[in-house]
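As stored in structure-v1.cif (mmCIF, C-alpha atoms and all ligand atoms):
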```
data_entry
#
loop_
_atom_site.label_atom_id
_atom_site.label_comp_id
_atom_site.auth_asym_id
_atom_site.auth_seq_id
_atom_site.Cartn_x
_atom_site.Cartn_y
_atom_site.Cartn_z
CA MET A 285 91.20 75.19 99.88
CA GLU A 286 92.40 72.71 102.47
CA ILE A 287 94.82 73.38 105.31
CA ILE A 288 97.09 70.40 105.82
CA ASN A 289 99.10 69.95 109.01
CA ARG A 290 100.54 66.48 108.61
CA ARG A 291 103.48 65.63 106.39
CA GLN A 292 102.03 62.26 105.47
CA ARG A 293 98.71 63.74 104.38
CA MET A 294 100.52 66.38 102.31
CA SER A 295 102.62 63.69 100.60
CA SER A 296 99.63 61.50 99.80
CA VAL A 297 97.52 64.40 98.47
CA ALA A 298 100.43 65.51 96.26
CA ARG A 299 101.06 61.94 95.08
CA LYS A 300 97.44 61.61 93.97
CA ILE A 301 97.56 64.92 92.09
CA ARG A 302 100.69 63.87 90.22
CA ARG A 303 99.94 60.24 89.56
CA ASP A 304 96.18 59.87 89.27
CA GLN A 305 95.33 63.28 87.89
CA ASP A 306 98.56 64.04 86.01
CA ARG A 307 98.38 67.66 87.12
CA SER A 308 101.36 69.92 87.82
CA ILE A 309 102.10 71.24 91.32
CA GLY A 310 103.60 74.61 92.25
CA LEU A 311 104.99 75.12 95.75
CA VAL A 312 105.47 78.53 97.33
CA PRO A 313 107.49 78.06 100.55
CA THR A 314 106.91 80.84 103.11
CA MET A 315 107.24 81.60 106.79
CA GLY A 316 103.82 83.28 106.78
CA ALA A 317 103.23 86.98 107.52
CA LEU A 318 102.34 87.13 103.86
CA HIS A 319 102.85 90.32 101.90
CA GLU A 320 102.85 91.49 98.27
CA GLY A 321 106.20 89.79 97.67
CA HIS A 322 104.75 86.38 98.55
CA LEU A 323 101.55 87.11 96.66
CA SER A 324 103.49 87.81 93.47
CA LEU A 325 104.95 84.29 93.81
CA VAL A 326 101.50 82.82 94.41
CA ARG A 327 100.13 84.62 91.35
CA GLU A 328 102.86 83.20 89.14
CA ALA A 329 102.44 79.72 90.63
CA ARG A 330 98.70 79.96 89.89
CA ARG A 331 99.48 80.98 86.30
CA MET A 332 102.02 78.21 85.68
CA CYS A 333 100.66 75.25 87.63
CA ASP A 334 97.43 73.26 87.94
CA VAL A 335 97.61 72.99 91.71
CA VAL A 336 99.16 75.52 94.09
CA VAL A 337 100.50 74.63 97.54
CA VAL A 338 101.71 77.37 99.89
CA SER A 339 103.71 76.22 102.90
CA VAL A 340 103.61 78.32 106.05
CA PHE A 341 106.25 77.34 108.59
CA VAL A 342 108.51 79.55 110.69
CA ASN A 343 111.64 77.46 110.45
CA PRO A 344 113.65 77.53 113.71
CA THR A 345 116.83 76.07 112.22
CA GLN A 346 117.47 79.12 110.04
CA PHE A 347 117.40 81.57 112.98
CA GLY A 348 120.54 82.26 115.02
CA PRO A 349 120.33 82.21 118.85
CA SER A 350 120.08 86.02 119.07
CA GLU A 351 117.71 86.40 116.11
CA ASP A 352 113.96 87.01 116.07
CA PHE A 353 112.51 83.46 115.93
CA GLU A 354 110.30 84.01 119.00
CA HIS A 355 109.03 87.37 117.79
CA TYR A 356 108.75 86.59 114.09
CA PRO A 357 105.21 87.68 113.05
CA ARG A 358 102.71 84.78 112.93
CA ASP A 359 99.07 85.09 111.84
CA LEU A 360 97.81 81.97 110.09
CA THR A 361 94.18 83.20 110.15
CA LYS A 362 95.10 86.33 108.20
CA ASP A 363 97.39 84.38 105.85
CA THR A 364 94.62 81.85 105.17
CA ALA A 365 92.15 84.60 104.31
CA LEU A 366 94.61 86.14 101.85
CA LEU A 367 95.38 82.82 100.18
CA THR A 368 91.68 82.04 99.79
CA ASP A 369 91.40 85.19 97.66
CA TYR A 370 94.27 83.94 95.53
CA ASN A 371 92.61 80.63 94.83
CA VAL A 372 95.32 78.54 96.44
CA ASP A 373 94.50 74.83 96.65
CA TYR A 374 96.41 73.78 99.77
CA ILE A 375 98.13 75.46 102.68
CA PHE A 376 100.71 73.21 104.27
CA ALA A 377 101.12 74.50 107.83
CA PRO A 378 102.86 71.78 109.83
CA PRO A 379 103.52 72.03 113.55
CA MET A 380 107.14 71.87 114.69
CA GLU A 381 107.23 68.14 115.46
CA GLU A 382 106.00 67.28 111.95
CA MET A 383 108.96 69.01 110.34
CA TYR A 384 111.50 68.21 113.05
CA PRO A 385 110.46 64.98 114.78
CA LYS A 386 112.14 63.97 118.03
CA ASP A 387 115.80 63.04 117.46
CA PHE A 388 115.89 64.88 114.14
CA SER A 389 119.54 64.72 113.15
CA THR A 390 119.99 65.15 109.39
CA TYR A 391 120.97 68.56 108.02
CA VAL A 392 121.75 69.71 104.51
CA ASN A 393 124.66 72.06 103.96
CA VAL A 394 125.37 73.70 100.62
CA GLY A 395 129.13 74.13 101.01
CA GLY A 396 130.97 77.32 100.04
CA LEU A 397 128.00 79.43 98.99
CA SER A 398 126.46 79.28 102.47
CA LYS A 399 129.51 80.89 104.09
CA LEU A 400 129.53 84.01 101.90
CA LEU A 401 127.62 87.31 102.26
CA GLU A 402 124.73 86.64 104.68
CA GLY A 403 126.50 83.49 105.84
CA GLU A 404 129.28 85.56 107.42
CA THR A 405 126.88 87.33 109.78
CA ARG A 406 124.38 84.47 110.05
CA PRO A 407 126.35 81.23 110.45
CA GLY A 408 124.03 78.23 110.12
CA HIS A 409 121.26 80.25 108.45
CA PHE A 410 121.55 78.61 105.03
CA ARG A 411 121.99 75.16 106.54
CA GLY A 412 118.57 75.72 108.12
CA VAL A 413 117.11 76.97 104.84
CA ALA A 414 118.58 74.09 102.78
CA THR A 415 117.33 71.57 105.34
CA VAL A 416 113.77 72.85 105.50
CA ILE A 417 113.57 73.25 101.72
CA SER A 418 114.77 69.66 101.30
CA ILE A 419 112.02 68.44 103.65
CA LEU A 420 109.40 70.52 101.83
CA LEU A 421 110.51 69.42 98.35
CA ASN A 422 110.53 65.78 99.45
CA THR A 423 107.10 66.10 101.02
CA VAL A 424 105.32 67.91 98.17
CA ARG A 425 107.52 66.91 95.19
CA PRO A 426 106.40 69.98 93.25
CA ASP A 427 107.11 70.52 89.54
CA PHE A 428 107.98 74.15 90.32
CA ALA A 429 108.99 76.00 93.49
CA PHE A 430 108.88 79.80 93.67
CA PHE A 431 111.27 82.19 95.44
CA GLY A 432 111.89 85.95 95.46
CA GLN A 433 114.98 87.66 94.10
CA LYS A 434 115.11 89.81 97.26
CA ASP A 435 116.77 86.83 98.94
CA ALA A 436 119.22 86.47 96.06
CA GLN A 437 121.74 84.32 97.92
CA GLN A 438 118.98 82.01 99.16
CA ALA A 439 117.81 81.57 95.56
CA VAL A 440 121.33 80.75 94.35
CA ILE A 441 121.81 78.25 97.19
CA ILE A 442 118.47 76.55 96.57
CA LYS A 443 119.24 76.21 92.85
CA ARG A 444 122.55 74.59 93.75
CA LEU A 445 120.88 72.30 96.30
CA VAL A 446 118.30 71.18 93.74
CA ARG A 447 120.96 70.54 91.12
CA ASP A 448 123.42 68.76 93.41
CA LEU A 449 120.89 66.48 95.12
CA ALA A 450 118.84 65.94 91.93
CA PHE A 451 115.50 67.17 93.23
CA ASP A 452 112.99 66.91 90.40
CA THR A 453 111.78 70.49 90.78
CA GLU A 454 112.34 73.59 88.70
CA ILE A 455 113.24 76.66 90.74
CA VAL A 456 111.56 79.88 89.62
CA VAL A 457 112.95 83.17 90.93
CA LEU A 458 110.77 86.27 90.57
CA PRO A 459 111.63 89.98 90.83
CA THR A 460 111.67 91.82 94.13
CA VAL A 461 108.42 93.62 94.89
CA ARG A 462 108.90 97.14 96.22
CA GLU A 463 106.98 99.89 98.00
CA ASP A 464 106.47 103.09 95.98
CA SER A 465 109.51 104.45 97.86
CA GLY A 466 111.66 101.63 96.44
CA LEU A 467 111.96 99.80 99.78
CA ALA A 468 111.97 96.06 99.14
CA ILE A 469 108.90 94.47 100.70
CA SER A 470 109.85 92.15 103.57
CA SER A 471 108.11 90.70 106.62
CA ARG A 472 110.74 92.45 108.74
CA ASN A 473 109.54 95.88 107.50
CA LEU A 474 106.82 95.37 110.13
CA TYR A 475 109.49 96.14 112.72
CA LEU A 476 110.06 99.62 111.23
CA ASP A 477 108.04 102.73 112.05
CA ALA A 478 106.98 105.06 109.21
CA GLU A 479 110.09 107.26 109.48
CA GLU A 480 112.40 104.27 109.49
CA GLN A 481 110.64 102.84 106.44
CA GLU A 482 111.16 106.14 104.63
CA SER A 483 114.87 106.19 105.63
CA ALA A 484 115.30 102.56 104.53
CA SER A 485 114.36 103.48 100.98
CA VAL A 486 117.90 104.90 100.64
CA ILE A 487 119.10 101.31 100.18
CA HIS A 488 117.34 100.91 96.84
CA ARG A 489 118.32 104.43 95.76
CA ALA A 490 121.95 103.54 96.44
CA LEU A 491 121.69 100.32 94.45
CA LYS A 492 120.06 102.13 91.54
CA GLN A 493 122.81 104.74 91.52
CA ALA A 494 125.43 102.01 91.31
CA LYS A 495 123.55 100.39 88.45
CA GLU A 496 123.38 103.71 86.60
CA ALA A 497 127.12 104.25 87.10
CA TYR A 498 127.77 100.75 85.76
CA LYS A 499 125.67 101.49 82.70
CA LYS A 500 127.66 104.69 82.13
CA GLY A 501 130.86 102.64 82.05
CA GLU A 502 132.09 102.34 85.64
CA HIS A 503 133.23 98.71 85.77
CA HIS A 504 135.40 98.88 88.85
CA ALA A 505 133.69 96.98 91.68
CA GLY A 506 135.33 99.03 94.46
CA LYS A 507 134.08 102.28 92.93
CA LEU A 508 130.53 100.97 92.55
CA ALA A 509 130.63 99.76 96.16
CA ASN A 510 131.71 103.27 97.19
CA ILE A 511 128.70 104.79 95.43
CA VAL A 512 126.42 102.50 97.43
CA ARG A 513 128.29 103.21 100.67
CA THR A 514 128.34 107.01 100.36
CA THR A 515 124.69 107.18 99.34
CA ILE A 516 123.61 105.07 102.31
CA GLU A 517 125.77 107.22 104.60
CA THR A 518 123.60 110.24 103.72
CA GLU A 519 120.83 108.65 105.78
CA PRO A 520 121.79 108.72 109.50
CA ARG A 521 119.16 106.14 110.52
CA VAL A 522 120.65 103.50 108.22
CA ARG A 523 123.91 101.71 109.06
CA LEU A 524 125.52 99.69 106.28
CA ASP A 525 126.60 96.17 107.27
CA TYR A 526 128.09 95.22 103.91
CA VAL A 527 127.95 95.94 100.21
CA SER A 528 129.31 93.13 98.04
CA ILE A 529 129.72 92.91 94.31
CA VAL A 530 129.70 89.31 93.17
CA ASP A 531 129.02 87.00 90.24
CA ALA A 532 125.21 86.58 90.31
CA GLU A 533 125.43 82.82 89.84
CA THR A 534 128.53 81.72 91.76
CA LEU A 535 128.60 84.58 94.31
CA ASP A 536 132.35 84.89 93.68
CA LYS A 537 133.71 88.32 94.61
CA LEU A 538 134.60 90.45 91.59
CA ASP A 539 137.01 93.35 91.20
CA LYS A 540 136.86 94.25 87.54
CA LEU A 541 133.40 93.67 86.10
CA ASP A 542 132.92 91.99 82.75
CA GLU A 543 129.94 90.85 80.73
CA ARG A 544 128.51 88.34 83.20
CA PRO A 545 125.45 89.08 85.39
CA ILE A 546 126.59 90.85 88.53
CA LEU A 547 124.83 90.96 91.88
CA ILE A 548 125.26 94.04 94.06
CA ALA A 549 124.10 92.90 97.49
CA VAL A 550 123.56 95.04 100.56
CA ALA A 551 122.73 94.39 104.20
CA ALA A 552 122.00 97.34 106.46
CA TYR A 553 120.59 98.02 109.89
CA VAL A 554 117.71 100.41 110.43
CA GLY A 555 117.52 100.66 114.21
CA LYS A 556 117.83 97.05 115.33
CA THR A 557 116.29 95.65 112.16
CA ARG A 558 118.61 94.13 109.61
CA LEU A 559 117.43 94.47 106.00
CA ILE A 560 118.88 93.02 102.81
CA ASP A 561 118.42 94.09 99.23
CA ASN A 562 120.20 93.70 95.91
CA ILE A 563 120.21 94.62 92.27
CA VAL A 564 121.44 92.63 89.27
CA VAL A 565 123.31 94.35 86.47
CA ASN A 566 123.94 92.85 83.05
CA LYS A 567 120.81 90.81 83.55
CA ALA A 568 119.58 91.12 79.96
CA LYS A 569 122.67 89.35 78.65
CA LYS A 570 121.80 86.17 80.49
CA ASP A 571 118.52 86.20 82.34
CA ALA A 572 119.21 84.86 85.82
CA ALA A 573 115.53 84.98 86.77
CA THR A 574 114.39 81.49 85.85
CA SER A 575 116.59 78.48 85.60
CA LYS A 576 115.96 74.82 85.05
CA SER A 577 118.10 73.14 87.65
O1 LIG A 601 112.39 83.02 102.37
C1 LIG A 601 111.79 82.49 103.34
O2 LIG A 601 110.71 82.94 103.76
C2 LIG A 601 112.39 81.27 104.00
O3 LIG A 601 113.77 81.35 104.04
C3 LIG A 601 111.93 79.95 103.34
C4 LIG A 601 112.43 79.86 101.91
C5 LIG A 601 110.42 79.84 103.38
C6 LIG A 601 112.51 78.76 104.13
O4 LIG A 601 112.07 78.74 105.44
#
```
Rewrite the coordinates I just gave you, this time as structure tokens.
Ligand code: PAF
Amino acid sequence: MEIINRRQRMSSVARKIRRDQDRSIGLVPTMGALHEGHLSLVREARRMCDVVVVSVFVNPTQFGPSEDFEHYPRDLTKDTALLTDYNVDYIFAPPMEEMYPKDFSTYVNVGGLSKLLEGETRPGHFRGVATVISILLNTVRPDFAFFGQKDAQQAVIIKRLVRDLAFDTEIVVLPTVREDSGLAISSRNLYLDAEEQESASVIHRALKQAKEAYKKGEHHAGKLANIVRTTIETEPRVRLDYVSIVDAETLDKLDKLDERPILIAVAAYVGKTRLIDNIVVNKAKKDAATSKS
């Protein structure tokens, strides 16, 4: 395994792999602080691709001014040790000035989608994500790039970005990995103490209850949202920010639910920590997990 810090070196290594060796490349973009969620992406990349690149870069442009950029957990030594066990070929861990050189001034904005859901509370967040992903895809030019369904809106936005700007990469979205309690695994769970983690598991319970109600015939979005809301309210340590019921592909708000895949998305505060989670219903009818963009 090689750790690469320079964009140019990463590009030339990847070019050789593609052109001279005709081998496929899988990219797993991360901000480090690796956990089981990331490792499930790495495992699938290893299974599908000849060469696996994991990028580790805490991207400042996707953090708002009052968010946790400074305190976001960073431990490249630990991340490297983990990735060695997973037989990763390259870690791309660029310093700030490699990704954002002096006078950097080009940003990518996926219109519409970026303003919804998370975009309402985190203006600019998805512009930062779309920009850094564009830089990473242009640097590595992977055949496949891997993302988690936990960040459902991010996955939808990246698929749209890749389609609209004709990146030659297939986006693979893999299921959310959860603790035994149901809590979605996230780097930000590190901010929670044991009791808060236990309380936070109400979010997944609430989503599952809504899914069950849907399966039993409740197709009214407002009523499903109420199930999520009232279940979360039973846990005093958890404060709901929003529950939204939207088309899983367009993120359009829905009232009456039909046969299309539906995303029930939640954001909630546990103490000062903001967590997101979601569940997809009607998934079997049209599998939203993997899509050639
Ligand atoms: O999901 C994340 O960790 C980040 O948003 C990503 C995709 C690595 C971009 O910085």
### Task
Check the smallest atom-to-atom distance from each of A:Asp435, A:Glu502, A:Asp369, A:Glu382 to ligand LIG 601 (chain A) using all atoms listed in the file, then report the winner.
A:Asp435
Ligand LIG 601 (chain A) neighbours within 8 Å using all atoms listed in the file, as a JSON list (two decimals) with C-alpha atoms, in the frame of the given file:
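And here is the file that came out, out04.json:
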```json
[["chain", "number", "residue", "atom", "x", "y", "z"],
["A", 312, "VAL", "CA", 105.47, 78.53, 97.33],
["A", 313, "PRO", "CA", 107.49, 78.06, 100.55],
["A", 314, "THR", "CA", 106.91, 80.84, 103.11],
["A", 315, "MET", "CA", 107.24, 81.60, 106.79],
["A", 316, "GLY", "CA", 103.82, 83.28, 106.78],
["A", 339, "SER", "CA", 103.71, 76.22, 102.90],
["A", 340, "VAL", "CA", 103.61, 78.32, 106.05],
["A", 341, "PHE", "CA", 106.25, 77.34, 108.59],
["A", 342, "VAL", "CA", 108.51, 79.55, 110.69],
["A", 343, "ASN", "CA", 111.64, 77.46, 110.45],
["A", 346, "GLN", "CA", 117.47, 79.12, 110.04],
["A", 412, "GLY", "CA", 118.57, 75.72, 108.12],
["A", 413, "VAL", "CA", 117.11, 76.97, 104.84],
["A", 414, "ALA", "CA", 118.58, 74.09, 102.78],
["A", 416, "VAL", "CA", 113.77, 72.85, 105.50],
["A", 417, "ILE", "CA", 113.57, 73.25, 101.72],
["A", 431, "PHE", "CA", 111.27, 82.19, 95.44],
["A", 432, "GLY", "CA", 111.89, 85.95, 95.46],
["A", 435, "ASP", "CA", 116.77, 86.83, 98.94],
["A", 438, "GLN", "CA", 118.98, 82.01, 99.16]]
```
### Task
Quick one: everything within 12 Å of range 520-524 of chain A, counting only C-alpha atoms, minus sequence neighbours fewer than 5 positions away in the same chain. Send it as number ranges by chain.
A: 476-477, 479-487, 490, 509-510, 512-515, 549-561
### Message
as a list in words, please: the residues near Asp363 in chain A (cut-off 8 Å, all atoms listed in the file, same-chain neighbours under 4 positions excluded).
### Response
Gly316, Ala317, Leu318, Asp359 and Leu367 of chain A
### Task
Kindly provide, as an MDAnalysis selection string, the polymer residues lying within 9 Å of (103.0, 70.2, 100.6), counting all atoms listed in the file and using the coordinates exactly as they appear in the file.
chainID A and resid 288 291 293:295 297:298 311 337:339 374:377 420:426
Do you know which residues lie at most 12 Å from (128.1, 79.5, 96.8), with coordinates as in the file and only C-alpha atoms counted, and could you write them as a CSV table (one decimal) with C-alpha atoms, in the frame of the given file?
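Printed below is point03.csv as written:
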```csv
chain,number,residue,atom,x,y,z
A,393,ASN,CA,124.7,72.1,104.0
A,394,VAL,CA,125.4,73.7,100.6
A,395,GLY,CA,129.1,74.1,101.0
A,396,GLY,CA,131.0,77.3,100.0
A,397,LEU,CA,128.0,79.4,99.0
A,398,SER,CA,126.5,79.3,102.5
A,399,LYS,CA,129.5,80.9,104.1
A,400,LEU,CA,129.5,84.0,101.9
A,401,LEU,CA,127.6,87.3,102.3
A,402,GLU,CA,124.7,86.6,104.7
A,403,GLY,CA,126.5,83.5,105.8
A,410,PHE,CA,121.6,78.6,105.0
A,436,ALA,CA,119.2,86.5,96.1
A,437,GLN,CA,121.7,84.3,97.9
A,438,GLN,CA,119.0,82.0,99.2
A,439,ALA,CA,117.8,81.6,95.6
A,440,VAL,CA,121.3,80.8,94.4
A,441,ILE,CA,121.8,78.2,97.2
A,442,ILE,CA,118.5,76.6,96.6
A,443,LYS,CA,119.2,76.2,92.8
A,444,ARG,CA,122.6,74.6,93.8
A,445,LEU,CA,120.9,72.3,96.3
A,530,VAL,CA,129.7,89.3,93.2
A,531,ASP,CA,129.0,87.0,90.2
A,532,ALA,CA,125.2,86.6,90.3
A,533,GLU,CA,125.4,82.8,89.8
A,534,THR,CA,128.5,81.7,91.8
A,535,LEU,CA,128.6,84.6,94.3
A,536,ASP,CA,132.4,84.9,93.7
A,537,LYS,CA,133.7,88.3,94.6
```
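Using all atoms listed in the file, the nearest neighbour of Asp352 in chain A within the list A:Lys434, A:His319, A:Arg302, A:Arg472 is A:Arg472.
If you measure from each of A:Asp304, A:Ala329, A:Tyr475, A:Val565 to Ala497 in chain A using only C-alpha atoms, the closest one turns out to be A:Val565.
Coordinates place CA of Met285 in chain A at a distance of 9.2 Å from CA of Thr364 in chain A.
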### Message
At a cut-off of 6 Å, using only C-alpha atoms, what residues contact range 308-310 of chain A? Leave out same-chain residues fewer than 2 positions from it and give the result as an NGL selection string.
### Response
:A and (329 or 333-336 or 426-429)
### Residue with smallest distance to Ala505 in chain A - pool A:Lys386, A:Glu517, A:Leu541, A:Asn473, counting only C-alpha atoms
A:Leu541
### Distance criterion (only C-alpha atoms): nearest to Ile301 in chain A out of A:Arg544, A:Gly506, A:Tyr526, A:Asp373
A:Asp373
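Between CA of Leu458 in chain A and CA of His322 in chain A lies a distance of 10.0 Å.
Closest to Arg327 in chain A among A:Tyr356, A:Pro344, A:Tyr370, A:Glu351 is A:Tyr370, based on only C-alpha atoms.
Note that CA of Phe353 in chain A and CA of Leu366 in chain A are 22.9 Å apart.
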May I have the centre and edge lengths, in Å to one decimal, of an axis-aligned box around the listed atoms of range 429-444 of chain A with 6 Å added to every side, as JSON?
```
{"center_x": 115.7, "center_y": 82.2, "center_z": 96.0, "size_x": 25.7, "size_y": 27.2, "size_z": 18.3}
```
